[in-house]
Amino acid sequence: MTVPFRQQLDIGLYILKQKLKGNKHYPLVLMLEPLFRCNLACVGCGKIDYPDPILNKRLSVKDCLDAVDESGVPMVAIPGGEPLLHKEIGEIVAGIVARKVYVSLCTNALLLEKKLHLFKPSPYLQFSVHLDGLEDHHDHAVNQKGVFKRAVEAIKVAKDQGFRVTANATIFDGHPAEEIAKFLDYCHELGVDGVSIAPGYAYERAADQQHFLNRRKTKELFRRVFAIGKQSGMLKKWSLTHSPLYLDFLAGNQTYTCTPWGMPTRSVFGWQKPCYLLGEGHVDSYKELMETTDWDSYGTGKYEKCANCMAHCGYEPTAANLAVANPLSMLKLAITGIKTEGEMAQEIDLTNSRPAIDVHEQIVAEQMARIHDPKLDRVKSEPAE
Ligand code: SF4
Ligand code: SF4
């Protein structure tokens, strides 16, 4: 089973409780970015293009655990930057696990073997290792030879020590479906506990702007991958960690709108509006994020920067909510399987999207001003490791 039964049950019960309480805007997964510094420079990354004083910023253990408590989430994902560069990452993870909150630490795995002693295996902890494809493809995506081999070695060591380890792949244009299917076969042979696979969001600050998928291409590519998986009999063995409804959406069979508040983001900048992918401003508290974000002004068909988004952090909460609200939709999909040919579901009309606003320079200037004013600064600084 890709997501352990106990975790599925806990998260299902959490959603049910929120629905019974009548909560409309509730979070599923806290995206906790304790730093932006990374030891790689992937061509599709939109998280690391900041001046050094910002890359040196760190959330403290207290900042991180306060964010977990404030949001009340059942699950935390720790992306970055590279979280293993944070000197207190062991304490942050231990604090989250002690709260019986599930935590997925996303890492490029270059430091995983060296830092494994900081963690204890637990049903609440998984390492989610960044692997964008097979060796040549991955090393090209992360812009460095040898990274794939080191990540695979680290996965084996962590598995041997009893940790739950999954792989996470971001898919870009030009990645052939046949190769993606071979990569998923490889992950199965490697024995990872699941694979997360989703199209890359078109970050405006990423070095490579040529290879982001649009929605039509995303659906065609995922249909092809799933068709290959069905044909080879491997689809079920691939252990994809997503909700079947989200996978059906990727294959073009659902017209969903995103749930941007489903995965709220706390970074060294504060709480990010509106979602993990899109940084349009920051506030000091989770409450302020929920109460002051104009949620209706974001999403595909509403804002140009959302036009091609089909990323899991926006749409997986939509799928999870639907699965609890309408279990029959899951049952139906379990019987029919994901459709890989024929008409696709209707696409959202983009003609009324409001134009994109460039906020990057303003955000950087605001954060640099905070760094130079201790009264305003929200977080501490540490030199790079
Ligand atoms: S490993 Fe992750 S955070 Fe680091 S550069 Fe690559 S995509 Fe960005
Ligand atoms: S479509 Fe939704 S999840 Fe995607 S970038 Fe826009 S607001 Fe965020």
# chains A, B, ... in the order shown; residues from 1 in each chain; ligands from 1
>>> residues_near_ligand(ligand="ligand 2", cutoff="9 Å", atoms="only C-alpha atoms and all ligand atoms", output="mmCIF file with N, CA and C atoms, in the first residue's frame")
data_model
loop_
_atom_site.group_PDB
_atom_site.id
_atom_site.type_symbol
_atom_site.label_atom_id
_atom_site.label_comp_id
_atom_site.auth_asym_id
_atom_site.auth_seq_id
_atom_site.Cartn_x
_atom_site.Cartn_y
_atom_site.Cartn_z
ATOM 1 N N TYR A 201 5.454 23.169 -11.671
ATOM 2 C CA TYR A 201 4.782 24.467 -11.795
ATOM 3 C C TYR A 201 5.726 25.416 -12.531
ATOM 4 N N ALA A 202 5.188 26.268 -13.394
ATOM 5 C CA ALA A 202 6.024 27.161 -14.215
ATOM 6 C C ALA A 202 6.535 28.340 -13.385
ATOM 7 N N THR A 257 -11.103 22.601 -9.651
ATOM 8 C CA THR A 257 -10.470 23.881 -9.319
ATOM 9 C C THR A 257 -9.541 23.609 -8.132
ATOM 10 N N CYS A 258 -8.509 24.416 -7.995
ATOM 11 C CA CYS A 258 -7.514 24.117 -6.947
ATOM 12 C C CYS A 258 -8.022 24.525 -5.569
ATOM 13 N N THR A 259 -7.329 24.029 -4.556
ATOM 14 C CA THR A 259 -7.628 24.367 -3.157
ATOM 15 C C THR A 259 -6.360 24.985 -2.579
ATOM 16 N N PRO A 260 -6.104 26.283 -2.845
ATOM 17 C CA PRO A 260 -4.800 26.849 -2.496
ATOM 18 C C PRO A 260 -4.520 26.861 -0.995
ATOM 19 N N TRP A 261 -5.574 26.896 -0.161
ATOM 20 C CA TRP A 261 -5.365 26.904 1.296
ATOM 21 C C TRP A 261 -5.105 25.490 1.832
ATOM 22 N N GLY A 262 -5.194 24.472 0.972
ATOM 23 C CA GLY A 262 -5.040 23.082 1.424
ATOM 24 C C GLY A 262 -3.629 22.761 1.866
ATOM 25 N N MET A 263 -2.634 23.466 1.318
ATOM 26 C CA MET A 263 -1.239 23.228 1.717
ATOM 27 C C MET A 263 -0.581 24.582 2.004
ATOM 28 N N LYS A 273 1.238 33.955 0.766
ATOM 29 C CA LYS A 273 -0.037 34.060 0.051
ATOM 30 C C LYS A 273 0.185 33.774 -1.423
ATOM 31 N N PRO A 274 -0.638 33.035 -2.126
ATOM 32 C CA PRO A 274 -1.757 32.267 -1.615
ATOM 33 C C PRO A 274 -1.407 30.787 -1.375
ATOM 34 N N CYS A 275 -0.289 30.303 -1.987
ATOM 35 C CA CYS A 275 -0.052 28.850 -1.923
ATOM 36 C C CYS A 275 1.449 28.572 -1.986
ATOM 37 N N TYR A 276 1.801 27.322 -1.963
ATOM 38 C CA TYR A 276 3.212 26.920 -1.961
ATOM 39 C C TYR A 276 3.942 27.355 -3.241
ATOM 40 N N LEU A 277 3.231 27.352 -4.354
ATOM 41 C CA LEU A 277 3.871 27.619 -5.643
ATOM 42 C C LEU A 277 3.995 29.101 -5.941
ATOM 43 N N LEU A 278 3.042 29.836 -5.451
ATOM 44 C CA LEU A 278 2.902 31.233 -5.832
ATOM 45 C C LEU A 278 3.125 32.106 -4.603
ATOM 46 N N GLY A 279 4.163 32.943 -4.641
ATOM 47 C CA GLY A 279 4.433 33.837 -3.510
ATOM 48 C C GLY A 279 4.056 35.251 -3.896
ATOM 49 N N TRP A 295 -8.936 34.482 -1.684
ATOM 50 C CA TRP A 295 -8.821 33.175 -2.342
ATOM 51 C C TRP A 295 -9.474 33.173 -3.714
ATOM 52 N N SER A 297 -9.418 35.207 -6.003
ATOM 53 C CA SER A 297 -8.693 35.832 -7.108
ATOM 54 C C SER A 297 -7.568 34.936 -7.636
ATOM 55 N N TYR A 298 -7.475 33.708 -7.105
ATOM 56 C CA TYR A 298 -6.432 32.773 -7.562
ATOM 57 C C TYR A 298 -7.049 31.507 -8.134
ATOM 58 N N GLY A 299 -6.277 30.837 -8.975
ATOM 59 C CA GLY A 299 -6.726 29.573 -9.560
ATOM 60 C C GLY A 299 -6.767 29.674 -11.080
ATOM 61 N N THR A 300 -6.762 28.519 -11.725
ATOM 62 C CA THR A 300 -6.791 28.479 -13.189
ATOM 63 C C THR A 300 -8.071 29.148 -13.692
ATOM 64 N N GLY A 301 -7.917 30.056 -14.657
ATOM 65 C CA GLY A 301 -9.073 30.784 -15.185
ATOM 66 C C GLY A 301 -9.289 32.109 -14.472
ATOM 67 N N LYS A 302 -8.556 32.308 -13.342
ATOM 68 C CA LYS A 302 -8.735 33.559 -12.590
ATOM 69 C C LYS A 302 -7.484 34.444 -12.641
ATOM 70 N N TYR A 303 -6.313 33.798 -12.730
ATOM 71 C CA TYR A 303 -5.060 34.543 -12.662
ATOM 72 C C TYR A 303 -4.081 33.922 -13.656
ATOM 73 N N GLU A 304 -3.408 34.783 -14.416
ATOM 74 C CA GLU A 304 -2.509 34.281 -15.474
ATOM 75 C C GLU A 304 -1.444 33.320 -14.951
ATOM 76 N N LYS A 305 -0.904 33.599 -13.748
ATOM 77 C CA LYS A 305 0.167 32.742 -13.230
ATOM 78 C C LYS A 305 -0.340 31.341 -12.878
ATOM 79 N N CYS A 306 -1.651 31.169 -12.838
ATOM 80 C CA CYS A 306 -2.239 29.866 -12.494
ATOM 81 C C CYS A 306 -2.650 29.075 -13.740
ATOM 82 N N ALA A 307 -2.447 29.679 -14.930
ATOM 83 C CA ALA A 307 -3.020 29.117 -16.154
ATOM 84 C C ALA A 307 -2.693 27.638 -16.358
ATOM 85 N N ASN A 308 -1.443 27.263 -16.157
ATOM 86 C CA ASN A 308 -1.047 25.886 -16.483
ATOM 87 C C ASN A 308 -0.856 24.983 -15.282
ATOM 88 N N CYS A 309 -1.238 25.457 -14.127
ATOM 89 C CA CYS A 309 -0.966 24.688 -12.908
ATOM 90 C C CYS A 309 -1.855 23.445 -12.801
ATOM 91 N N MET A 310 -1.210 22.308 -12.606
ATOM 92 C CA MET A 310 -1.937 21.071 -12.264
ATOM 93 C C MET A 310 -1.162 20.382 -11.124
ATOM 94 N N ALA A 311 -0.439 21.185 -10.368
ATOM 95 C CA ALA A 311 0.477 20.633 -9.358
ATOM 96 C C ALA A 311 -0.279 19.992 -8.205
ATOM 97 N N HIS A 312 0.346 19.002 -7.597
ATOM 98 C CA HIS A 312 -0.350 18.239 -6.557
ATOM 99 C C HIS A 312 -0.677 19.089 -5.345
ATOM 100 N N CYS A 313 0.180 20.111 -5.037
ATOM 101 C CA CYS A 313 -0.119 20.873 -3.813
ATOM 102 C C CYS A 313 -1.363 21.734 -3.967
ATOM 103 N N GLY A 314 -1.799 21.995 -5.190
ATOM 104 C CA GLY A 314 -3.051 22.730 -5.363
ATOM 105 C C GLY A 314 -4.253 21.824 -5.539
ATOM 106 N N TYR A 315 -4.030 20.666 -6.163
ATOM 107 C CA TYR A 315 -5.169 19.833 -6.569
ATOM 108 C C TYR A 315 -5.332 18.548 -5.761
#
>>> residues_near_ligand(ligand="ligand 1", cutoff="6 Å", atoms="only C-alpha atoms and all ligand atoms", output="short mmCIF file (atom, residue, chain, number, x, y, z; two decimals) with N, CA and C atoms, in the first residue's frame")
data_model
loop_
_atom_site.label_atom_id
_atom_site.label_comp_id
_atom_site.auth_asym_id
_atom_site.auth_seq_id
_atom_site.Cartn_x
_atom_site.Cartn_y
_atom_site.Cartn_z
N CYS A 38 20.19 25.77 -0.84
CA CYS A 38 20.27 24.39 -1.33
C CYS A 38 21.69 24.08 -1.77
N LEU A 40 22.19 22.17 -4.37
CA LEU A 40 22.08 21.93 -5.81
C LEU A 40 21.49 23.19 -6.46
N ALA A 41 21.49 23.23 -7.78
CA ALA A 41 20.87 24.36 -8.49
C ALA A 41 20.12 23.77 -9.69
N CYS A 42 18.98 23.15 -9.42
CA CYS A 42 18.23 22.47 -10.49
C CYS A 42 17.65 23.51 -11.46
N CYS A 45 14.06 24.82 -10.75
CA CYS A 45 13.75 25.23 -9.36
C CYS A 45 13.39 26.71 -9.30
N LYS A 47 12.88 28.19 -6.19
CA LYS A 47 12.93 28.48 -4.75
C LYS A 47 14.26 29.07 -4.28
N GLY A 80 12.25 22.88 0.64
CA GLY A 80 13.26 23.90 0.89
C GLY A 80 13.41 24.73 -0.35
N GLY A 81 14.64 24.98 -0.61
CA GLY A 81 15.96 24.59 -0.19
C GLY A 81 16.14 23.09 0.16
N GLU A 82 17.29 22.83 0.76
CA GLU A 82 17.60 21.47 1.19
C GLU A 82 17.49 21.44 2.72
N ASN A 108 17.23 16.16 -1.55
CA ASN A 108 17.92 15.66 -2.75
C ASN A 108 18.87 14.52 -2.38
N VAL A 142 19.17 18.12 -12.34
CA VAL A 142 19.75 18.75 -11.14
C VAL A 142 21.09 19.43 -11.46
#
>>> residues_around(residues="A:Pro121", least_positions_apart="4", cutoff="9 Å", atoms="only C-alpha atoms", output="list in words")
Leu125, Gln126, Gln161, Gly162, Phe163 and Arg164 of chain A
>>> closest_residue(among="A:His117, A:His140, A:Arg99, A:Lys87", to="A:Gly72", atoms="only C-alpha atoms")
A:Arg99
>>> residues_around(residues="A:Leu213", least_positions_apart="5", cutoff="6 Å", atoms="only C-alpha atoms", output="number ranges by chain")
A: 172-173, 218
>>> closest_residue(among="A:Trp238, A:Phe212, A:Tyr50, A:Trp271", to="A:Asp193", atoms="only C-alpha atoms")
A:Trp238
>>> select_by_dssp(residues="stretch 158-302 of chain A", states="alpha helix (DSSP H)", output="VMD selection string")
chain A and resid 158 to 160 177 to 190 215 to 232 244 to 250 286 to 292
>>> residues_around(residues="stretch 31-35 of chain A", least_positions_apart="3", cutoff="6 Å", atoms="only C-alpha atoms", output="list in words")
Arg58, Leu59, Ala77, Ile78, Pro79, Gly80, Gly81, Pro264, Thr265, Arg266 and Ser267 of chain A
>>> write_last_selection(atoms="C-alpha atoms", output="PDB file, in the first residue's frame")
ATOM      1  CA  ARG A  58      16.679  29.881   8.985  1.00  0.00           C
ATOM      2  CA  LEU A  59      13.432  29.191  10.808  1.00  0.00           C
ATOM      3  CA  ALA A  77       6.018  18.387   4.261  1.00  0.00           C
ATOM      4  CA  ILE A  78       9.458  19.926   4.660  1.00  0.00           C
ATOM      5  CA  PRO A  79      10.799  21.055   1.298  1.00  0.00           C
ATOM      6  CA  GLY A  80      13.264  23.899   0.887  1.00  0.00           C
ATOM      7  CA  GLY A  81      15.964  24.585  -0.193  1.00  0.00           C
ATOM      8  CA  PRO A 264      -0.368  26.529   3.434  1.00  0.00           C
ATOM      9  CA  THR A 265       3.280  27.537   3.366  1.00  0.00           C
ATOM     10  CA  ARG A 266       5.431  28.867   6.201  1.00  0.00           C
ATOM     11  CA  SER A 267       8.894  29.983   5.122  1.00  0.00           C
TER      12      SER A 267
END
>>> atom_distance(atom1="atom CA of A:Asp63", atom2="atom CA of A:Gln362")
24.0 Å
>>> closest_residue(among="A:Glu288, A:Glu361, A:Glu91, A:Glu135", to="A:Asp49", atoms="only C-alpha atoms")
A:Glu361
>>> decode(residues="stretch 231-265 of chain A", atoms="N, CA, C and O atoms", output="mmCIF file, in the first residue's frame")
data_model
loop_
_atom_site.group_PDB
_atom_site.id
_atom_site.type_symbol
_atom_site.label_atom_id
_atom_site.label_comp_id
_atom_site.auth_asym_id
_atom_site.auth_seq_id
_atom_site.Cartn_x
_atom_site.Cartn_y
_atom_site.Cartn_z
ATOM 1 N N GLN A 231 -0.792 -1.454 -19.844
ATOM 2 C CA GLN A 231 -0.393 -2.466 -20.820
ATOM 3 C C GLN A 231 0.647 -3.435 -20.245
ATOM 4 O O GLN A 231 0.585 -4.638 -20.463
ATOM 5 N N SER A 232 1.599 -2.882 -19.479
ATOM 6 C CA SER A 232 2.667 -3.742 -18.943
ATOM 7 C C SER A 232 2.245 -4.428 -17.650
ATOM 8 O O SER A 232 2.987 -5.254 -17.119
ATOM 9 N N GLY A 233 1.086 -4.019 -17.118
ATOM 10 C CA GLY A 233 0.633 -4.588 -15.833
ATOM 11 C C GLY A 233 1.340 -3.984 -14.637
ATOM 12 O O GLY A 233 1.230 -4.475 -13.516
ATOM 13 N N MET A 234 2.101 -2.876 -14.847
ATOM 14 C CA MET A 234 2.897 -2.291 -13.760
ATOM 15 C C MET A 234 2.177 -1.152 -13.030
ATOM 16 O O MET A 234 2.634 -0.708 -11.982
ATOM 17 N N LEU A 235 1.076 -0.643 -13.598
ATOM 18 C CA LEU A 235 0.446 0.555 -13.036
ATOM 19 C C LEU A 235 0.193 0.413 -11.535
ATOM 20 O O LEU A 235 0.533 1.305 -10.749
ATOM 21 N N LYS A 236 -0.366 -0.726 -11.122
ATOM 22 C CA LYS A 236 -0.674 -0.925 -9.696
ATOM 23 C C LYS A 236 0.604 -1.077 -8.870
ATOM 24 O O LYS A 236 0.668 -0.679 -7.725
ATOM 25 N N LYS A 237 1.644 -1.641 -9.485
ATOM 26 C CA LYS A 237 2.893 -1.872 -8.741
ATOM 27 C C LYS A 237 3.713 -0.590 -8.573
ATOM 28 O O LYS A 237 4.656 -0.556 -7.783
ATOM 29 N N TRP A 238 3.398 0.447 -9.348
ATOM 30 C CA TRP A 238 4.189 1.678 -9.277
ATOM 31 C C TRP A 238 4.041 2.391 -7.925
ATOM 32 O O TRP A 238 4.830 3.267 -7.608
ATOM 33 N N SER A 239 3.022 2.052 -7.171
ATOM 34 C CA SER A 239 2.828 2.635 -5.833
ATOM 35 C C SER A 239 2.840 4.159 -5.842
ATOM 36 O O SER A 239 3.601 4.793 -5.089
ATOM 37 N N LEU A 240 2.029 4.742 -6.701
ATOM 38 C CA LEU A 240 1.956 6.209 -6.736
ATOM 39 C C LEU A 240 1.266 6.695 -5.464
ATOM 40 O O LEU A 240 0.240 6.135 -5.059
ATOM 41 N N THR A 241 1.859 7.705 -4.845
ATOM 42 C CA THR A 241 1.371 8.109 -3.513
ATOM 43 C C THR A 241 0.168 9.055 -3.580
ATOM 44 O O THR A 241 -0.265 9.567 -2.564
ATOM 45 N N HIS A 242 -0.342 9.309 -4.786
ATOM 46 C CA HIS A 242 -1.433 10.282 -4.916
ATOM 47 C C HIS A 242 -2.797 9.617 -4.807
ATOM 48 O O HIS A 242 -2.939 8.416 -5.038
ATOM 49 N N SER A 243 -3.784 10.461 -4.531
ATOM 50 C CA SER A 243 -5.156 9.990 -4.550
ATOM 51 C C SER A 243 -5.501 9.587 -5.993
ATOM 52 O O SER A 243 -5.126 10.298 -6.945
ATOM 53 N N PRO A 244 -6.230 8.464 -6.197
ATOM 54 C CA PRO A 244 -6.613 8.081 -7.562
ATOM 55 C C PRO A 244 -7.371 9.197 -8.280
ATOM 56 O O PRO A 244 -7.261 9.354 -9.493
ATOM 57 N N LEU A 245 -8.110 10.014 -7.530
ATOM 58 C CA LEU A 245 -8.863 11.106 -8.168
ATOM 59 C C LEU A 245 -7.916 12.173 -8.722
ATOM 60 O O LEU A 245 -8.179 12.775 -9.759
ATOM 61 N N TYR A 246 -6.795 12.398 -8.036
ATOM 62 C CA TYR A 246 -5.813 13.358 -8.561
ATOM 63 C C TYR A 246 -5.165 12.796 -9.833
ATOM 64 O O TYR A 246 -4.978 13.510 -10.822
ATOM 65 N N LEU A 247 -4.862 11.504 -9.834
ATOM 66 C CA LEU A 247 -4.264 10.887 -11.028
ATOM 67 C C LEU A 247 -5.243 10.958 -12.202
ATOM 68 O O LEU A 247 -4.849 11.200 -13.350
ATOM 69 N N ASP A 248 -6.531 10.783 -11.900
ATOM 70 C CA ASP A 248 -7.555 10.869 -12.939
ATOM 71 C C ASP A 248 -7.620 12.294 -13.503
ATOM 72 O O ASP A 248 -7.817 12.497 -14.702
ATOM 73 N N PHE A 249 -7.408 13.269 -12.626
ATOM 74 C CA PHE A 249 -7.354 14.682 -13.040
ATOM 75 C C PHE A 249 -6.153 14.899 -13.970
ATOM 76 O O PHE A 249 -6.266 15.535 -15.023
ATOM 77 N N LEU A 250 -4.991 14.337 -13.594
ATOM 78 C CA LEU A 250 -3.797 14.491 -14.447
ATOM 79 C C LEU A 250 -4.017 13.880 -15.828
ATOM 80 O O LEU A 250 -3.450 14.333 -16.812
ATOM 81 N N ALA A 251 -4.844 12.831 -15.874
ATOM 82 C CA ALA A 251 -5.107 12.173 -17.163
ATOM 83 C C ALA A 251 -6.223 12.874 -17.944
ATOM 84 O O ALA A 251 -6.688 12.362 -18.965
ATOM 85 N N GLY A 252 -6.656 14.032 -17.454
ATOM 86 C CA GLY A 252 -7.614 14.837 -18.229
ATOM 87 C C GLY A 252 -9.060 14.405 -18.089
ATOM 88 O O GLY A 252 -9.893 14.786 -18.904
ATOM 89 N N ASN A 253 -9.367 13.634 -17.026
ATOM 90 C CA ASN A 253 -10.734 13.126 -16.900
ATOM 91 C C ASN A 253 -11.572 13.882 -15.867
ATOM 92 O O ASN A 253 -12.701 13.480 -15.581
ATOM 93 N N GLN A 254 -11.017 14.921 -15.267
ATOM 94 C CA GLN A 254 -11.740 15.694 -14.252
ATOM 95 C C GLN A 254 -11.475 17.180 -14.478
ATOM 96 O O GLN A 254 -10.355 17.552 -14.822
ATOM 97 N N THR A 255 -12.487 17.998 -14.238
ATOM 98 C CA THR A 255 -12.275 19.451 -14.258
ATOM 99 C C THR A 255 -12.324 19.918 -12.802
ATOM 100 O O THR A 255 -13.390 20.124 -12.250
ATOM 101 N N TYR A 256 -11.175 20.046 -12.184
ATOM 102 C CA TYR A 256 -11.142 20.486 -10.795
ATOM 103 C C TYR A 256 -10.712 21.949 -10.723
ATOM 104 O O TYR A 256 -10.003 22.441 -11.608
ATOM 105 N N THR A 257 -11.103 22.601 -9.651
ATOM 106 C CA THR A 257 -10.470 23.881 -9.319
ATOM 107 C C THR A 257 -9.541 23.609 -8.132
ATOM 108 O O THR A 257 -9.776 22.663 -7.375
ATOM 109 N N CYS A 258 -8.509 24.416 -7.995
ATOM 110 C CA CYS A 258 -7.514 24.117 -6.947
ATOM 111 C C CYS A 258 -8.022 24.525 -5.569
ATOM 112 O O CYS A 258 -8.998 25.264 -5.443
ATOM 113 N N THR A 259 -7.329 24.029 -4.556
ATOM 114 C CA THR A 259 -7.628 24.367 -3.157
ATOM 115 C C THR A 259 -6.360 24.985 -2.579
ATOM 116 O O THR A 259 -5.570 24.299 -1.921
ATOM 117 N N PRO A 260 -6.104 26.283 -2.845
ATOM 118 C CA PRO A 260 -4.800 26.849 -2.496
ATOM 119 C C PRO A 260 -4.520 26.861 -0.995
ATOM 120 O O PRO A 260 -3.368 26.846 -0.574
ATOM 121 N N TRP A 261 -5.574 26.896 -0.161
ATOM 122 C CA TRP A 261 -5.365 26.904 1.296
ATOM 123 C C TRP A 261 -5.105 25.490 1.832
ATOM 124 O O TRP A 261 -4.831 25.313 3.008
ATOM 125 N N GLY A 262 -5.194 24.472 0.972
ATOM 126 C CA GLY A 262 -5.040 23.082 1.424
ATOM 127 C C GLY A 262 -3.629 22.761 1.866
ATOM 128 O O GLY A 262 -3.416 21.858 2.672
ATOM 129 N N MET A 263 -2.634 23.466 1.318
ATOM 130 C CA MET A 263 -1.239 23.228 1.717
ATOM 131 C C MET A 263 -0.581 24.582 2.004
ATOM 132 O O MET A 263 0.228 25.074 1.211
ATOM 133 N N PRO A 264 -0.929 25.204 3.130
ATOM 134 C CA PRO A 264 -0.368 26.529 3.434
ATOM 135 C C PRO A 264 1.142 26.448 3.661
ATOM 136 O O PRO A 264 1.650 25.424 4.108
ATOM 137 N N THR A 265 1.814 27.545 3.340
ATOM 138 C CA THR A 265 3.280 27.537 3.366
ATOM 139 C C THR A 265 3.845 28.524 4.383
ATOM 140 O O THR A 265 3.501 29.710 4.358
#
